[in-house]
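S.K.: This is the structure I want to talk about, given as structure tokens.
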Amino acid sequence: MAPDDSAEISRLLQRFERRFLATRALRSFPWQSLEEKLRDSGSELLLDILQKPSGDSVTLSESTAIVSHGTTGLVTWNAALYLAEWAIENPEAFTHRTVLELGSGAGLTGLAMCKMCRPRAYVFSDCHSRVLEQLRGNVLLNGLLLEPDVTAPAQHPEHNTHNSESPRVMVAQLDWDTVTAPQLAAFQPDVIIAADVLYCPETVLSLVRVLQTLSTCLKDQRAPDTYVAFTIRNPETCQLFTTELGKAGISWEAAPRHNQKLFPYEEHSETEILKLIL
């Protein structure tokens, strides 16, 4: 077998393994090439794939439809996977800190962080009732305990007597258009994250408003580190985001790219993470 053929087969198998182990839909895939390789290799290759999983895992219940029940928050989007990978490679940004996630959706990013980055507390948030219901279910699916009170996570340092390695986990209903400064200040976040929430001008304006409010109400403490991950689908929407950040007095810089790819998402999609300075 020529070296080029061997390398192509290796890439093919890696793509199949990653999507198979993550139970992701394979809408387009060179099945004939894979079938030929599996036939030539017998059962050993299949056993190798099945025995491949190691370490921790994240279990998710999510919709198979992009839009369901009037929201896009019931499915995992590419930037959530990308941010989760970045966090796993940079755990020091989240270890022993309180993380507030804006627009958590299905919860993949936060669940991966809770398992791999050891935050002190993690607040999932969203505004849609169906999304919040699914979020709570996904938290419990992954063996994490939900706090009944979603406010002021920093006020309970004695928590986690049941498991010192497990963060305090909360699910909060948070509407960006109506949330108040006292409500945001109560979370006392050390880190703020958001993934794939820049999908239309209206959400961009609402997100910047929330970030500006957080910047103002937390001015007496160290500004939280803020990371926003997004897939560039419409350059004008991304440009609007950076323009509005400038108007709000929030500076930003591109976070360095990570090396490892753990999750299946479209390789050709252009995804970035901005680190904001509130």
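By convention here, the chains of the structure tokens are called A, B, ... in the order presented, each chain's residues are numbered starting at 1, and ligands are numbered starting at 1 in the order presented.
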Mind checking which residues fall within 8 Å of Gln212 in chain A, counting only C-alpha atoms, ignoring those fewer than 5 positions away in the same chain, and posting them as a PyMOL selection string?
M.R.: chain A and resi 248+250+278
S.K.: Among range 173-215 of chain A, which ones does DSSP place in strand (DSSP E), written as a list in words?
M.R.: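 Those residues are Gln173, Val191, Ile192, Ile193, Ala194 and Ala195 of chain A.
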S.K.: Store the residues picked out above in a file with N, CA and C atoms, as a PDB file, in the first residue's frame.
M.R.:
ATOM      1  N   GLN A 173     -32.321  30.536  34.927  1.00  0.00           N
ATOM      2  CA  GLN A 173     -33.064  31.162  33.835  1.00  0.00           C
ATOM      3  C   GLN A 173     -32.597  32.603  33.730  1.00  0.00           C
ATOM      4  N   VAL A 191     -15.136  33.753  35.763  1.00  0.00           N
ATOM      5  CA  VAL A 191     -15.010  33.521  34.327  1.00  0.00           C
ATOM      6  C   VAL A 191     -16.408  33.556  33.717  1.00  0.00           C
ATOM      7  N   ILE A 192     -16.517  34.175  32.543  1.00  0.00           N
ATOM      8  CA  ILE A 192     -17.764  34.178  31.777  1.00  0.00           C
ATOM      9  C   ILE A 192     -17.471  33.569  30.412  1.00  0.00           C
ATOM     10  N   ILE A 193     -18.333  32.660  29.964  1.00  0.00           N
ATOM     11  CA  ILE A 193     -18.148  32.075  28.644  1.00  0.00           C
ATOM     12  C   ILE A 193     -19.462  32.095  27.876  1.00  0.00           C
ATOM     13  N   ALA A 194     -19.352  32.023  26.561  1.00  0.00           N
ATOM     14  CA  ALA A 194     -20.521  31.882  25.688  1.00  0.00           C
ATOM     15  C   ALA A 194     -20.042  31.240  24.398  1.00  0.00           C
ATOM     16  N   ALA A 195     -20.870  30.378  23.827  1.00  0.00           N
ATOM     17  CA  ALA A 195     -20.489  29.679  22.595  1.00  0.00           C
ATOM     18  C   ALA A 195     -21.642  29.677  21.606  1.00  0.00           C
TER      19      ALA A 195
END
S.K.: Rounded to one decimal in Å, what is the spacing between CA of Lys247 in chain A and CA of Glu202 in chain A?
M.R.: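 A separation of 15.9 Å between them.
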S.K.: Might you pull out every residue within 12 Å of Tyr82 in chain A, with only C-alpha atoms counted and same-chain residues fewer than 6 positions away left off, and present them as a VMD selection string?
M.R.: chain A and resid 76 88 to 89 108 to 109 112 194 to 196 227 to 231 257 to 267 269 to 273
S.K.: Now that the selection is made, can you save its residues with N, CA and C atoms as a CSV table (one decimal), in the first residue's frame?
M.R.:
chain,number,residue,atom,x,y,z
A,76,THR,N,-26.4,20.7,20.1
A,76,THR,CA,-25.0,21.2,20.2
A,76,THR,C,-24.5,21.8,18.9
A,88,ILE,N,-10.4,22.2,27.8
A,88,ILE,CA,-9.7,21.0,28.2
A,88,ILE,C,-8.2,21.1,28.0
A,89,GLU,N,-7.8,21.8,27.0
A,89,GLU,CA,-6.4,22.1,26.8
A,89,GLU,C,-5.8,23.2,27.7
A,108,LEU,N,-23.1,20.9,26.5
A,108,LEU,CA,-21.9,20.2,26.3
A,108,LEU,C,-20.6,20.9,26.8
A,109,THR,N,-20.5,22.1,26.5
A,109,THR,CA,-19.3,22.8,27.0
A,109,THR,C,-19.1,22.8,28.5
A,112,ALA,N,-18.3,19.3,29.9
A,112,ALA,CA,-16.9,18.9,29.7
A,112,ALA,C,-16.0,19.7,30.7
A,194,ALA,N,-19.4,32.0,26.6
A,194,ALA,CA,-20.5,31.9,25.7
A,194,ALA,C,-20.0,31.2,24.4
A,195,ALA,N,-20.9,30.4,23.8
A,195,ALA,CA,-20.5,29.7,22.6
A,195,ALA,C,-21.6,29.7,21.6
A,196,ASP,N,-21.3,30.1,20.4
A,196,ASP,CA,-22.3,30.1,19.3
A,196,ASP,C,-23.6,30.8,19.6
A,227,TYR,N,-14.7,34.7,27.7
A,227,TYR,CA,-14.4,34.0,26.4
A,227,TYR,C,-15.7,33.8,25.6
A,228,VAL,N,-15.7,34.2,24.4
A,228,VAL,CA,-16.8,34.0,23.5
A,228,VAL,C,-16.3,33.3,22.3
A,229,ALA,N,-16.9,32.1,22.0
A,229,ALA,CA,-16.5,31.3,20.9
A,229,ALA,C,-17.7,31.4,19.9
A,230,PHE,N,-17.3,31.4,18.6
A,230,PHE,CA,-18.3,31.6,17.6
A,230,PHE,C,-17.8,31.0,16.2
A,231,THR,N,-18.7,30.5,15.5
A,231,THR,CA,-18.5,30.0,14.1
A,231,THR,C,-18.8,31.2,13.2
A,257,ARG,N,-5.1,29.4,19.4
A,257,ARG,CA,-5.8,28.2,19.0
A,257,ARG,C,-5.2,27.0,19.7
A,258,HIS,N,-6.1,26.0,20.0
A,258,HIS,CA,-5.6,24.8,20.7
A,258,HIS,C,-5.2,23.8,19.6
A,259,ASN,N,-4.5,22.7,20.1
A,259,ASN,CA,-3.9,21.7,19.2
A,259,ASN,C,-4.8,20.5,19.0
A,260,GLN,N,-5.4,20.0,20.1
A,260,GLN,CA,-6.1,18.7,20.0
A,260,GLN,C,-7.5,18.9,19.5
A,261,LYS,N,-8.0,17.9,18.7
A,261,LYS,CA,-9.4,17.9,18.3
A,261,LYS,C,-10.0,16.6,18.9
A,262,LEU,N,-10.9,16.8,19.8
A,262,LEU,CA,-11.6,15.7,20.5
A,262,LEU,C,-13.0,15.4,20.1
A,263,PHE,N,-13.6,16.4,19.5
A,263,PHE,CA,-15.1,16.2,19.2
A,263,PHE,C,-15.3,16.3,17.7
A,264,PRO,N,-16.4,15.7,17.2
A,264,PRO,CA,-16.7,15.8,15.8
A,264,PRO,C,-17.4,17.0,15.4
A,265,TYR,N,-16.9,17.8,14.6
A,265,TYR,CA,-17.6,18.9,14.0
A,265,TYR,C,-17.0,19.2,12.6
A,266,GLU,N,-17.7,20.1,11.8
A,266,GLU,CA,-17.2,20.3,10.5
A,266,GLU,C,-15.9,20.9,10.4
A,267,GLU,N,-14.9,20.2,9.7
A,267,GLU,CA,-13.6,20.6,9.7
A,267,GLU,C,-13.4,22.0,8.9
A,269,SER,N,-15.5,24.5,8.9
A,269,SER,CA,-16.1,25.7,9.5
A,269,SER,C,-15.0,26.5,10.2
A,270,GLU,N,-15.1,27.8,10.1
A,270,GLU,CA,-14.2,28.7,10.7
A,270,GLU,C,-14.7,29.2,12.1
A,271,THR,N,-14.0,28.8,13.1
A,271,THR,CA,-14.4,29.0,14.5
A,271,THR,C,-13.3,29.8,15.2
A,272,GLU,N,-13.7,30.7,16.0
A,272,GLU,CA,-12.7,31.5,16.8
A,272,GLU,C,-13.2,31.7,18.2
A,273,ILE,N,-12.2,32.0,19.1
A,273,ILE,CA,-12.5,32.4,20.5
A,273,ILE,C,-11.9,33.8,20.7
S.K.: For Ala185 in chain A, list every protein, DNA or RNA residue within 10 Å, evaluated using only C-alpha atoms, and leave out those in the same chain fewer than 3 positions away; present the list as a compact mmCIF listing (two decimals) with N, CA, C and O atoms, in the first residue's frame.
M.R.:
# COMPACT_ATOMS: atom_id res chain seq x y z
N THR A 151 -28.43 31.41 42.95
CA THR A 151 -27.80 32.71 43.19
C THR A 151 -26.61 32.59 44.11
O THR A 151 -26.51 31.71 44.94
N ALA A 152 -25.70 33.54 43.93
CA ALA A 152 -24.56 33.72 44.84
C ALA A 152 -23.79 32.44 45.12
O ALA A 152 -23.63 32.05 46.27
N THR A 180 -31.36 41.97 35.42
CA THR A 180 -30.92 43.20 36.08
C THR A 180 -29.49 43.07 36.57
O THR A 180 -28.95 41.96 36.71
N ALA A 181 -28.89 44.20 36.86
CA ALA A 181 -27.52 44.21 37.38
C ALA A 181 -27.40 43.44 38.70
O ALA A 181 -26.46 42.66 38.87
N PRO A 182 -28.31 43.62 39.67
CA PRO A 182 -28.20 42.83 40.90
C PRO A 182 -28.29 41.33 40.66
O PRO A 182 -27.59 40.55 41.33
N GLN A 188 -21.40 36.41 40.97
CA GLN A 188 -19.99 36.63 41.32
C GLN A 188 -19.05 35.77 40.47
O GLN A 188 -18.21 35.02 41.00
N PRO A 189 -19.13 35.83 39.15
CA PRO A 189 -18.31 34.95 38.32
C PRO A 189 -16.85 35.39 38.25
O PRO A 189 -16.54 36.58 38.24
N THR A 213 -23.26 45.33 31.37
CA THR A 213 -23.86 45.36 32.71
C THR A 213 -22.98 44.61 33.70
O THR A 213 -22.77 45.08 34.83
N LEU A 214 -22.48 43.45 33.30
CA LEU A 214 -21.58 42.69 34.17
C LEU A 214 -20.32 43.50 34.48
O LEU A 214 -19.85 43.51 35.62
N SER A 215 -19.79 44.17 33.48
CA SER A 215 -18.59 44.98 33.68
C SER A 215 -18.83 46.07 34.70
O SER A 215 -17.98 46.36 35.56
N THR A 216 -20.02 46.67 34.65
CA THR A 216 -20.35 47.77 35.55
C THR A 216 -20.62 47.28 36.98
O THR A 216 -20.11 47.83 37.96
N CYS A 217 -21.41 46.21 37.09
CA CYS A 217 -21.82 45.77 38.43
C CYS A 217 -20.72 45.02 39.16
O CYS A 217 -20.81 44.81 40.37
N LEU A 218 -19.66 44.61 38.45
CA LEU A 218 -18.55 43.91 39.10
C LEU A 218 -17.29 44.78 39.16
O LEU A 218 -16.18 44.28 39.33
S.K.: List every residue of range 126-269 of chain A that DSSP, applied to the backbone of this structure, assigns to helix (DSSP H, G or I), and report them as a ChimeraX atom specification.
M.R.: /A:129-141,153-155,181-185,201-217,235-247
S.K.: Mind dumping the selected residues with N, CA and C atoms as a compact mmCIF listing (two decimals), in the first residue's frame?
M.R.:
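Resulting contents of result-v8.txt:
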# COMPACT_ATOMS: atom_id res chain seq x y z
N SER A 129 -37.61 27.79 28.38
CA SER A 129 -37.99 26.80 29.39
C SER A 129 -37.65 25.38 28.96
N ARG A 130 -37.82 25.07 27.69
CA ARG A 130 -37.51 23.71 27.21
C ARG A 130 -36.00 23.45 27.27
N VAL A 131 -35.21 24.46 26.97
CA VAL A 131 -33.76 24.32 27.06
C VAL A 131 -33.33 24.10 28.50
N LEU A 132 -33.90 24.86 29.42
CA LEU A 132 -33.57 24.71 30.83
C LEU A 132 -33.94 23.32 31.35
N GLU A 133 -35.08 22.82 30.91
CA GLU A 133 -35.49 21.48 31.31
C GLU A 133 -34.50 20.43 30.82
N GLN A 134 -34.07 20.57 29.57
CA GLN A 134 -33.09 19.62 29.01
C GLN A 134 -31.74 19.77 29.71
N LEU A 135 -31.35 21.00 30.02
CA LEU A 135 -30.09 21.25 30.72
C LEU A 135 -30.06 20.53 32.06
N ARG A 136 -31.12 20.68 32.83
CA ARG A 136 -31.16 20.02 34.14
C ARG A 136 -31.03 18.50 33.98
N GLY A 137 -31.72 17.97 32.98
CA GLY A 137 -31.63 16.54 32.74
C GLY A 137 -30.23 16.11 32.36
N ASN A 138 -29.54 16.90 31.54
CA ASN A 138 -28.18 16.54 31.12
C ASN A 138 -27.19 16.63 32.27
N VAL A 139 -27.39 17.59 33.16
CA VAL A 139 -26.53 17.68 34.35
C VAL A 139 -26.66 16.41 35.18
N LEU A 140 -27.88 15.98 35.41
CA LEU A 140 -28.12 14.77 36.21
C LEU A 140 -27.63 13.52 35.49
N LEU A 141 -27.76 13.48 34.15
CA LEU A 141 -27.27 12.34 33.37
C LEU A 141 -25.78 12.12 33.58
N PRO A 153 -23.22 31.79 44.09
CA PRO A 153 -22.50 30.55 44.33
C PRO A 153 -21.25 30.72 45.17
N ALA A 154 -20.68 31.91 45.20
CA ALA A 154 -19.43 32.10 45.94
C ALA A 154 -19.64 32.14 47.45
N GLN A 155 -20.88 32.19 47.89
CA GLN A 155 -21.15 32.36 49.31
C GLN A 155 -21.14 31.04 50.08
N ALA A 181 -28.89 44.20 36.86
CA ALA A 181 -27.52 44.21 37.38
C ALA A 181 -27.40 43.44 38.70
N PRO A 182 -28.31 43.62 39.67
CA PRO A 182 -28.20 42.83 40.90
C PRO A 182 -28.29 41.33 40.66
N GLN A 183 -29.12 40.91 39.71
CA GLN A 183 -29.23 39.48 39.41
C GLN A 183 -27.91 38.95 38.85
N LEU A 184 -27.28 39.71 37.97
CA LEU A 184 -26.00 39.28 37.40
C LEU A 184 -24.89 39.32 38.46
N ALA A 185 -24.89 40.35 39.28
CA ALA A 185 -23.84 40.49 40.29
C ALA A 185 -23.88 39.35 41.30
N PRO A 201 -28.23 39.84 14.56
CA PRO A 201 -27.90 41.14 15.17
C PRO A 201 -28.58 41.36 16.51
N GLU A 202 -29.81 40.90 16.66
CA GLU A 202 -30.53 41.12 17.91
C GLU A 202 -29.83 40.47 19.10
N THR A 203 -29.37 39.23 18.92
CA THR A 203 -28.69 38.55 20.03
C THR A 203 -27.33 39.19 20.31
N VAL A 204 -26.67 39.69 19.26
CA VAL A 204 -25.40 40.38 19.46
C VAL A 204 -25.59 41.60 20.37
N LEU A 205 -26.59 42.40 20.08
CA LEU A 205 -26.85 43.60 20.88
C LEU A 205 -27.22 43.24 22.32
N SER A 206 -28.02 42.20 22.47
CA SER A 206 -28.42 41.77 23.82
C SER A 206 -27.23 41.24 24.60
N LEU A 207 -26.36 40.46 23.94
CA LEU A 207 -25.18 39.91 24.62
C LEU A 207 -24.25 41.03 25.07
N VAL A 208 -24.00 41.99 24.20
CA VAL A 208 -23.11 43.10 24.58
C VAL A 208 -23.70 43.88 25.74
N ARG A 209 -25.02 44.04 25.76
CA ARG A 209 -25.67 44.72 26.88
C ARG A 209 -25.41 43.98 28.19
N VAL A 210 -25.53 42.66 28.16
CA VAL A 210 -25.29 41.87 29.37
C VAL A 210 -23.83 41.99 29.81
N LEU A 211 -22.92 41.92 28.85
CA LEU A 211 -21.50 42.01 29.19
C LEU A 211 -21.17 43.39 29.77
N GLN A 212 -21.76 44.43 29.21
CA GLN A 212 -21.53 45.78 29.72
C GLN A 212 -22.10 45.92 31.14
N THR A 213 -23.26 45.33 31.37
CA THR A 213 -23.86 45.36 32.71
C THR A 213 -22.98 44.61 33.70
N LEU A 214 -22.48 43.45 33.30
CA LEU A 214 -21.58 42.69 34.17
C LEU A 214 -20.32 43.50 34.48
N SER A 215 -19.79 44.17 33.48
CA SER A 215 -18.59 44.98 33.68
C SER A 215 -18.83 46.07 34.70
N THR A 216 -20.02 46.67 34.65
CA THR A 216 -20.35 47.77 35.55
C THR A 216 -20.62 47.28 36.98
N CYS A 217 -21.41 46.21 37.09
CA CYS A 217 -21.82 45.77 38.43
C CYS A 217 -20.72 45.02 39.16
N PRO A 235 -19.97 37.13 8.20
CA PRO A 235 -18.93 38.07 8.67
C PRO A 235 -19.50 39.38 9.18
N GLU A 236 -20.63 39.84 8.62
CA GLU A 236 -21.21 41.10 9.06
C GLU A 236 -21.69 41.01 10.52
N THR A 237 -22.22 39.85 10.90
CA THR A 237 -22.68 39.68 12.29
C THR A 237 -21.49 39.70 13.24
N CYS A 238 -20.40 39.04 12.86
CA CYS A 238 -19.18 39.05 13.70
C CYS A 238 -18.59 40.45 13.78
N GLN A 239 -18.62 41.18 12.67
CA GLN A 239 -18.13 42.55 12.68
C GLN A 239 -18.98 43.43 13.58
N LEU A 240 -20.29 43.20 13.56
CA LEU A 240 -21.19 43.94 14.45
C LEU A 240 -20.82 43.70 15.90
N PHE A 241 -20.48 42.46 16.23
CA PHE A 241 -20.12 42.13 17.61
C PHE A 241 -18.90 42.92 18.07
N THR A 242 -17.84 42.91 17.28
CA THR A 242 -16.63 43.63 17.69
C THR A 242 -16.86 45.14 17.69
N THR A 243 -17.69 45.62 16.77
CA THR A 243 -18.00 47.06 16.75
C THR A 243 -18.76 47.46 18.01
N GLU A 244 -19.76 46.67 18.40
CA GLU A 244 -20.54 46.98 19.59
C GLU A 244 -19.70 46.84 20.86
N LEU A 245 -18.77 45.89 20.86
CA LEU A 245 -17.86 45.79 22.01
C LEU A 245 -17.07 47.08 22.17
N GLY A 246 -16.58 47.61 21.04
CA GLY A 246 -15.83 48.86 21.09
C GLY A 246 -16.67 50.01 21.63
N LYS A 247 -17.93 50.09 21.19
CA LYS A 247 -18.82 51.14 21.68
C LYS A 247 -19.05 51.03 23.19
S.K.: List the spatial neighbours of Glu253 in chain A as a PyMOL selection string - criterion: any atom at most 8 Å away, only C-alpha atoms, same-chain residues fewer than 5 positions off excluded.
M.R.: chain A and resi 274-276
S.K.: For CA of Leu102 in chain A and CA of Val123 in chain A, determine how far apart the two atoms are, in Å to one decimal place.
M.R.: 8.7 Å
S.K.: How many Å lie between CA of Asp225 in chain A and CA of Asp190 in chain A, rounded to one decimal?
M.R.: 6.5 Å
